[in-house]
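Contents: one structure, followed by commentary.
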Amino acid sequence: MRKLLLQNLWRLPLTIPAPAPSGQALAELGAKVDQAARQRLGRSLAIREVDAGSCNGCELEIHALNNAFYDLERFGFHFVASPRHADVLLVTGPVTTNMREALERTYAAAPDPKWVVAIGDCGRDGGVFAKSYACAGGVAEVIPVDLHIPGCPPAPMQLLEGLLALLQVN
Amino acid sequence: MNTQSLQAVLDAGHPVADHRPWPRVVVTPEIWNTLIEGLAGNVWTLLGLWGETGVVHLAVREEASGMLSVASLPCPDGCFPSVGRRHPPAQRLERTIADLMGLHPVGAPDVRPWLDHGRWPVRHPLGAATAPASPVPPYPFLPVEGESLHQIPVGPVHAGIIEPGHFRFTANGEAVARLEQRLGYVHKGIEGLLKGASLEQAAQLAGRISGDSTVAYALAFARAVEAATETEIPARAHWLRALMAELERLAHHCGDIGAICNDAAFALMLAHCAVLREQILRASAACFGHRLLMDSVIPGGVATDLPADGPDILQSLVTGIRRQFPPLVTLYDNTASLQDRTVKTGFVKPALIRQFGCGGYVGRAGGRAFDARRALGYPPYDELKFEVPLRTDSDVNGRVWLRICEVEQSLALIEQILQKLPSGPVGVALNALGRPCEGMALIEGFRGDILVWLRLNSDGTVARCHPRDPSWFQWPLLEAAIEGNIVADFPLCNKSFNGSYSGHDL
């Protein structure tokens, strides 16, 4: 283990430079996010991820945000285990009818002020599952959404650009 | 005890025309019952059990001969003899059939709903849809009685970045007396959406049944369509599909080995394994245009050919992992505090693994040597050299080691594919038979064997498609694996299984 740790001390970091925040996300947020909330939340945001019926593809890419290449925490974001600790809910999936109440209750459990980011094409409008009897068809059908990051699934870089826009509007 | 061969039993039924590549036979209740006895006696393995309007289908495999077949029992009165009554692995599948189709398994020991949580706007969405009953009674969990027992309900929203499901633990102090799972939270109605879908839409849906196995599902779906339409695809397409499938396997094995160690609070492994995983996804994107390779396998071939610099990108990926991975394996093996958590944790009895026909690394770490790539030898695996790693320790450590060995096999397979990749086209137009036809495929995803069965209409649209995830036969064994372990070891056990919620809930 010592050798591995020492090697990493000498090696250049793998972490990529910060991308510019997504212009599209900035525009969507600029119109929606309330100024008072921006000031109170500051630049350190606790994220609670909620899978509301995704295929698990979005989760894989959200996980990747924590790897050495994207290193989300350097920007002040961190994932938390409870909605009670969260400033941001990151919601994936077309919101299955079976997950609807769990999502509503998670939203209610997160303290105000809070932002909701809907991830992926499913989170936007239900994606390929939109017409099913078992799906609400998009996160905004169930709880208010501040920002959409589309993609199937969005690559970590797109997620990063969208999330950085949350900091930029602060 | 039944000594007849599967062939002999099914010869008494009526074979269905245009079902490929394995036979489908319409059977009588007597033959159905013989099949149940054979399953219960471990002579045959249950591969799948699903319904249609007025009929239930049972897919079985004879281990000795490798014969695979579907038996279909017409049930005009909406009832069929329960398989789960004698063969527990069928129970959740039967509860699903009752939820989705409204067909009733007679004699079933467990008649609670499974995927239907009483929240859909319809009952029996795939059968004769009716309005839901209201109000829905609360779900009765199995009773656990005894002094000093307490319950811990977990989920559906979990603490990590994972899929939703509910786990009801009954613990005696630290030790788990019983775990009961309740799944179905991510039921998206995929089988309903597949009905009537064009092949293009259906292939997209198939690739999103379980996002982590998108290549595997797209491959199973494509092979089933090609079997149904009697379409031969070009050799290069077969080889590129295998290349994608191995990249998918490699990425998840690397990522999960790190994630299992992270669940024992050994974050160093996760940090390094996550770097390997990211390198694989980046190479996949550079070669085929999508990090997870979604929509890359399509009926008739593959969507994109390997670019000119593809072989170099992949060869340097393999060389890089061969350099970076062994020190991590040594680290895993030499860290006593980590081994203390993984060795003998989450043991599953090999007899249960056999009974459930449990595939993938859970099965192979518990002595069941089934790997669809080897057992069925679908192309190009019939021309590739690889070993199927097998262990018998059947604990978290065994499952980690099995995946370490499979990483090495996948690296060797990718190299062989790059060396022998035939030239030529990467796709072909599907045959239009102009009549209904049925196809089936069984392929090996990273998690285990995925079954896809389908019937196409004469216009080429999907009449019915049933995908069966390997998790159906792995989730129940997690309940057995955790018994007697401490609650704090559940994340380790769970991650070492890594069952799919989305693939199971459909």
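Letters A, B, ... go to the chains of the structure tokens in the order shown; residues in each chain start at 1; ligands are counted from 1 in the same order.
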| request: Pull out every residue of chain B sitting within 6 Å of chain A, counting only C-alpha atoms, and send them as a list of chain:residue names. | output: B:Trp120, B:Ala159, B:Ile161, B:Glu163, B:Tyr185, B:Val186, B:Lys188, B:Gly189, B:Arg208, B:Ser210, B:Gly211, B:Asp212, B:Ala274, B:Ser502
Who sits within 12 Å of range 305-310 of chain B, only C-alpha atoms, same chain under 6 positions skipped, as a compact mmCIF listing (two decimals) with N, CA and C atoms, in the first residue's frame:
```
# COMPACT_ATOMS: atom_id res chain seq x y z
N ARG B 236 -18.17 -9.75 -38.87
CA ARG B 236 -17.56 -8.60 -38.17
C ARG B 236 -18.52 -8.05 -37.10
N ALA B 237 -19.82 -8.10 -37.39
CA ALA B 237 -20.80 -7.60 -36.42
C ALA B 237 -20.77 -8.46 -35.15
N HIS B 238 -20.69 -9.79 -35.32
CA HIS B 238 -20.58 -10.68 -34.16
C HIS B 238 -19.38 -10.30 -33.29
N TRP B 239 -18.25 -10.07 -33.96
CA TRP B 239 -17.01 -9.81 -33.22
C TRP B 239 -17.05 -8.45 -32.54
N LEU B 240 -17.63 -7.46 -33.21
CA LEU B 240 -17.72 -6.14 -32.59
C LEU B 240 -18.66 -6.17 -31.39
N ARG B 241 -19.75 -6.97 -31.51
CA ARG B 241 -20.67 -7.10 -30.38
C ARG B 241 -19.95 -7.70 -29.17
N LEU B 243 -16.81 -7.51 -28.59
CA LEU B 243 -15.87 -6.49 -28.11
C LEU B 243 -16.60 -5.54 -27.15
N MET B 244 -17.77 -5.11 -27.55
CA MET B 244 -18.56 -4.20 -26.70
C MET B 244 -18.97 -4.89 -25.41
N ARG B 282 -14.11 5.91 -21.35
CA ARG B 282 -13.60 6.88 -22.32
C ARG B 282 -13.16 6.20 -23.61
N ALA B 283 -12.52 5.05 -23.47
CA ALA B 283 -12.12 4.31 -24.67
C ALA B 283 -13.35 3.86 -25.45
N SER B 284 -14.40 3.42 -24.72
CA SER B 284 -15.64 3.01 -25.39
C SER B 284 -16.24 4.17 -26.17
N ALA B 285 -16.25 5.36 -25.54
CA ALA B 285 -16.81 6.53 -26.21
C ALA B 285 -15.98 6.89 -27.43
N ALA B 286 -14.66 6.79 -27.31
CA ALA B 286 -13.79 7.13 -28.43
C ALA B 286 -13.99 6.16 -29.60
N CYS B 287 -14.28 4.90 -29.28
CA CYS B 287 -14.42 3.90 -30.35
C CYS B 287 -15.85 3.85 -30.92
N PHE B 288 -16.84 3.94 -30.06
CA PHE B 288 -18.21 3.70 -30.55
C PHE B 288 -19.17 4.86 -30.29
N GLY B 289 -18.68 5.95 -29.69
CA GLY B 289 -19.50 7.16 -29.59
C GLY B 289 -20.40 7.24 -28.38
N SER B 296 -25.67 0.83 -29.31
CA SER B 296 -24.58 0.45 -30.21
C SER B 296 -24.84 -0.90 -30.88
N VAL B 297 -25.54 -1.81 -30.15
CA VAL B 297 -25.92 -3.09 -30.75
C VAL B 297 -27.37 -2.95 -31.23
N SER B 316 -4.02 0.05 -26.10
CA SER B 316 -3.33 0.78 -25.04
C SER B 316 -4.16 0.76 -23.76
N LEU B 317 -5.48 0.66 -23.89
CA LEU B 317 -6.33 0.51 -22.70
C LEU B 317 -5.99 -0.80 -21.98
N ILE B 414 -10.50 -9.26 -25.25
CA ILE B 414 -10.43 -8.04 -26.06
C ILE B 414 -9.21 -8.10 -26.98
N ILE B 417 -9.88 -10.50 -29.82
CA ILE B 417 -10.84 -9.96 -30.79
C ILE B 417 -10.14 -8.94 -31.69
N LEU B 418 -9.29 -8.09 -31.08
CA LEU B 418 -8.58 -7.09 -31.88
C LEU B 418 -7.67 -7.77 -32.90
N LEU B 421 -10.18 -9.78 -35.59
CA LEU B 421 -11.40 -9.13 -36.08
C LEU B 421 -11.54 -9.24 -37.59
N PRO B 422 -12.57 -9.94 -38.07
CA PRO B 422 -12.71 -10.09 -39.53
C PRO B 422 -13.15 -8.77 -40.16
N SER B 423 -12.84 -8.60 -41.44
CA SER B 423 -13.28 -7.37 -42.11
C SER B 423 -14.64 -7.62 -42.75
N GLY B 424 -15.21 -6.55 -43.28
CA GLY B 424 -16.51 -6.70 -43.95
C GLY B 424 -17.54 -5.78 -43.36
N PRO B 425 -18.78 -5.95 -43.81
CA PRO B 425 -19.85 -5.06 -43.33
C PRO B 425 -20.18 -5.34 -41.86
N VAL B 426 -20.84 -4.37 -41.20
CA VAL B 426 -21.16 -4.53 -39.78
C VAL B 426 -22.66 -4.64 -39.56
N GLY B 427 -23.41 -4.79 -40.63
CA GLY B 427 -24.85 -4.92 -40.45
C GLY B 427 -25.50 -5.46 -41.70
```
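Taking CA of Glu180 in chain B as the reference point, CA of Gln474 in chain B is found at 13.7 Å.
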| Who sits within 10 Å of Glu408 in chain B, only C-alpha atoms, same chain under 2 positions skipped, as a list in words | Leu250, Val318, Ile321, Arg322, Phe325, Pro326, Phe386, Glu387, Arg403, Ile404, Cys405, Glu406, Ser410, Leu411, Ala412 and Leu413 of chain B
| field | Test item: residues at most 7 Å from Asp146 in chain A, only C-alpha atoms, excluding those fewer than 2 positions along its chain, as number ranges by chain | value | A: 29, 32-33, 115-117, 144
Save out the residues we just selected, N, CA, C and O atoms, as a PDB file, in the first residue's frame.
```pdb
ATOM      1  N   LEU A  29     -31.637  28.535 -15.099  1.00  0.00           N
ATOM      2  CA  LEU A  29     -31.563  28.861 -13.677  1.00  0.00           C
ATOM      3  C   LEU A  29     -31.818  30.339 -13.425  1.00  0.00           C
ATOM      4  O   LEU A  29     -32.524  30.719 -12.495  1.00  0.00           O
ATOM      5  N   LYS A  32     -35.258  31.096 -13.018  1.00  0.00           N
ATOM      6  CA  LYS A  32     -36.050  30.406 -12.002  1.00  0.00           C
ATOM      7  C   LYS A  32     -35.586  30.592 -10.575  1.00  0.00           C
ATOM      8  O   LYS A  32     -36.386  30.702  -9.658  1.00  0.00           O
ATOM      9  N   VAL A  33     -34.261  30.551 -10.377  1.00  0.00           N
ATOM     10  CA  VAL A  33     -33.785  30.417  -8.998  1.00  0.00           C
ATOM     11  C   VAL A  33     -33.899  31.734  -8.243  1.00  0.00           C
ATOM     12  O   VAL A  33     -33.485  32.786  -8.706  1.00  0.00           O
ATOM     13  N   TRP A 115     -33.030  23.201  -4.114  1.00  0.00           N
ATOM     14  CA  TRP A 115     -33.157  23.176  -5.564  1.00  0.00           C
ATOM     15  C   TRP A 115     -33.342  21.740  -6.015  1.00  0.00           C
ATOM     16  O   TRP A 115     -32.806  20.815  -5.414  1.00  0.00           O
ATOM     17  N   VAL A 116     -34.066  21.595  -7.114  1.00  0.00           N
ATOM     18  CA  VAL A 116     -34.242  20.261  -7.691  1.00  0.00           C
ATOM     19  C   VAL A 116     -33.648  20.257  -9.099  1.00  0.00           C
ATOM     20  O   VAL A 116     -33.971  21.124  -9.914  1.00  0.00           O
ATOM     21  N   VAL A 117     -32.762  19.307  -9.333  1.00  0.00           N
ATOM     22  CA  VAL A 117     -32.183  19.151 -10.663  1.00  0.00           C
ATOM     23  C   VAL A 117     -32.670  17.816 -11.229  1.00  0.00           C
ATOM     24  O   VAL A 117     -32.467  16.770 -10.615  1.00  0.00           O
ATOM     25  N   PRO A 144     -41.533  20.531  -8.088  1.00  0.00           N
ATOM     26  CA  PRO A 144     -41.007  21.636  -8.910  1.00  0.00           C
ATOM     27  C   PRO A 144     -39.531  21.442  -9.238  1.00  0.00           C
ATOM     28  O   PRO A 144     -38.747  21.049  -8.364  1.00  0.00           O
TER      29      PRO A 144
END
```
| request: Find the spatial neighbours of Phe221 in chain B, counting only C-alpha atoms, within a cut-off of 7 Å - ignore same-chain residues fewer than 5 positions away - and output them as a PyMOL selection string. | output: chain B and resi 203+206+452
Write the residues of the selection above to a file with C-alpha atoms, as a PDB file, in the first residue's frame.
```
ATOM      1  CA  ALA B 203     -34.250  -2.053 -29.367  1.00  0.00           C
ATOM      2  CA  ALA B 206     -34.218  -3.127 -24.521  1.00  0.00           C
ATOM      3  CA  VAL B 452     -35.037 -12.512 -24.080  1.00  0.00           C
TER       4      VAL B 452
END
```
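CA of Asp110 in chain B is positioned 27.8 Å from CA of Leu6 in chain B.
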Backbone DSSP call of strand (DSSP E or B) for range 1-112 of chain A, listed as a PDB file with N, CA, C and O atoms, in the first residue's frame:
```
ATOM      1  N   LEU A  45     -22.654  23.071  -1.708  1.00  0.00           N
ATOM      2  CA  LEU A  45     -23.978  22.472  -1.856  1.00  0.00           C
ATOM      3  C   LEU A  45     -23.960  20.981  -1.540  1.00  0.00           C
ATOM      4  O   LEU A  45     -23.129  20.230  -2.045  1.00  0.00           O
ATOM      5  N   ALA A  46     -24.903  20.576  -0.689  1.00  0.00           N
ATOM      6  CA  ALA A  46     -25.053  19.161  -0.339  1.00  0.00           C
ATOM      7  C   ALA A  46     -26.108  18.548  -1.260  1.00  0.00           C
ATOM      8  O   ALA A  46     -27.217  19.071  -1.370  1.00  0.00           O
ATOM      9  N   ILE A  47     -25.726  17.471  -1.935  1.00  0.00           N
ATOM     10  CA  ILE A  47     -26.603  16.860  -2.933  1.00  0.00           C
ATOM     11  C   ILE A  47     -27.164  15.540  -2.418  1.00  0.00           C
ATOM     12  O   ILE A  47     -26.434  14.685  -1.921  1.00  0.00           O
ATOM     13  N   ARG A  48     -28.463  15.355  -2.548  1.00  0.00           N
ATOM     14  CA  ARG A  48     -29.086  14.054  -2.279  1.00  0.00           C
ATOM     15  C   ARG A  48     -29.586  13.521  -3.620  1.00  0.00           C
ATOM     16  O   ARG A  48     -30.403  14.157  -4.281  1.00  0.00           O
ATOM     17  N   GLU A  49     -29.078  12.345  -3.998  1.00  0.00           N
ATOM     18  CA  GLU A  49     -29.505  11.755  -5.269  1.00  0.00           C
ATOM     19  C   GLU A  49     -30.732  10.888  -5.029  1.00  0.00           C
ATOM     20  O   GLU A  49     -30.774  10.125  -4.058  1.00  0.00           O
ATOM     21  N   VAL A  50     -31.740  11.020  -5.864  1.00  0.00           N
ATOM     22  CA  VAL A  50     -32.937  10.180  -5.749  1.00  0.00           C
ATOM     23  C   VAL A  50     -33.198   9.505  -7.087  1.00  0.00           C
ATOM     24  O   VAL A  50     -33.390  10.179  -8.100  1.00  0.00           O
ATOM     25  N   ASP A  51     -33.177   8.188  -7.094  1.00  0.00           N
ATOM     26  CA  ASP A  51     -33.534   7.429  -8.288  1.00  0.00           C
ATOM     27  C   ASP A  51     -35.043   7.221  -8.264  1.00  0.00           C
ATOM     28  O   ASP A  51     -35.562   6.521  -7.404  1.00  0.00           O
ATOM     29  N   PHE A  77     -19.313  20.738  -3.949  1.00  0.00           N
ATOM     30  CA  PHE A  77     -20.461  19.815  -3.948  1.00  0.00           C
ATOM     31  C   PHE A  77     -20.100  18.560  -3.174  1.00  0.00           C
ATOM     32  O   PHE A  77     -18.979  18.061  -3.307  1.00  0.00           O
ATOM     33  N   HIS A  78     -21.036  18.032  -2.427  1.00  0.00           N
ATOM     34  CA  HIS A  78     -20.819  16.689  -1.892  1.00  0.00           C
ATOM     35  C   HIS A  78     -22.152  15.974  -1.754  1.00  0.00           C
ATOM     36  O   HIS A  78     -23.187  16.602  -1.527  1.00  0.00           O
ATOM     37  N   PHE A  79     -22.075  14.644  -1.908  1.00  0.00           N
ATOM     38  CA  PHE A  79     -23.289  13.836  -1.817  1.00  0.00           C
ATOM     39  C   PHE A  79     -23.559  13.492  -0.363  1.00  0.00           C
ATOM     40  O   PHE A  79     -22.647  13.138   0.384  1.00  0.00           O
ATOM     41  N   VAL A  88     -29.648  20.304  -2.537  1.00  0.00           N
ATOM     42  CA  VAL A  88     -30.018  19.997  -3.918  1.00  0.00           C
ATOM     43  C   VAL A  88     -30.504  18.558  -3.998  1.00  0.00           C
ATOM     44  O   VAL A  88     -29.858  17.659  -3.463  1.00  0.00           O
ATOM     45  N   LEU A  89     -31.646  18.331  -4.641  1.00  0.00           N
ATOM     46  CA  LEU A  89     -32.069  16.966  -4.956  1.00  0.00           C
ATOM     47  C   LEU A  89     -31.752  16.718  -6.423  1.00  0.00           C
ATOM     48  O   LEU A  89     -32.164  17.484  -7.293  1.00  0.00           O
ATOM     49  N   LEU A  90     -30.999  15.657  -6.659  1.00  0.00           N
ATOM     50  CA  LEU A  90     -30.645  15.281  -8.028  1.00  0.00           C
ATOM     51  C   LEU A  90     -31.543  14.097  -8.362  1.00  0.00           C
ATOM     52  O   LEU A  90     -31.351  13.012  -7.822  1.00  0.00           O
ATOM     53  N   VAL A  91     -32.540  14.296  -9.213  1.00  0.00           N
ATOM     54  CA  VAL A  91     -33.543  13.257  -9.410  1.00  0.00           C
ATOM     55  C   VAL A  91     -33.418  12.656 -10.807  1.00  0.00           C
ATOM     56  O   VAL A  91     -33.360  13.384 -11.799  1.00  0.00           O
ATOM     57  N   THR A  92     -33.368  11.333 -10.868  1.00  0.00           N
ATOM     58  CA  THR A  92     -33.285  10.641 -12.159  1.00  0.00           C
ATOM     59  C   THR A  92     -34.553   9.832 -12.381  1.00  0.00           C
ATOM     60  O   THR A  92     -35.287   9.539 -11.429  1.00  0.00           O
ATOM     61  N   THR A  96     -41.579   6.621 -11.651  1.00  0.00           N
ATOM     62  CA  THR A  96     -42.535   5.517 -11.722  1.00  0.00           C
ATOM     63  C   THR A  96     -43.645   5.777 -10.710  1.00  0.00           C
ATOM     64  O   THR A  96     -43.407   6.424  -9.688  1.00  0.00           O
TER      65      THR A  96
END
```
| request: Would you work out the distance separating CA of Ser72 in chain B from CA of Gln204 in chain B, expressed in Å to one decimal? | output: 28.0 Å
| Quick one: residues within 12 Å of Arg38 in chain A, only C-alpha atoms counted, chain neighbours fewer than 4 positions away excluded, as a ChimeraX atom specification? | /A:29-30,32-34,42-45,87-88,112-115,165-170
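Among the residues of range 79-125 of chain A, backbone DSSP assigns helix (DSSP H, G or I) to Pro83, Arg84, His85, Thr97, Asn98, Met99, Arg100, Glu101, Ala102, Leu103, Glu104, Arg105, Thr106, Tyr107, Ala108, Ala109, Gly120, Asp121, Cys122, Gly123, Arg124 and Asp125 of chain A.
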| Which is closest to Gly445 in chain B among B:Gly320, B:Gly360, B:Pro153, B:Gly160, if we use only C-alpha atoms? | B:Gly360
| Counting only C-alpha atoms, what is within 8 Å of Leu115 in chain B, bar same-chain residues fewer than 4 positions away, as a ChimeraX atom specification? | /B:95-96,99,183-185,187,505
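Residue nearest Ala271 in chain B, chosen from A:Ala118, A:Val139, A:Leu65, A:Ala86 and counting only C-alpha atoms: A:Leu65.
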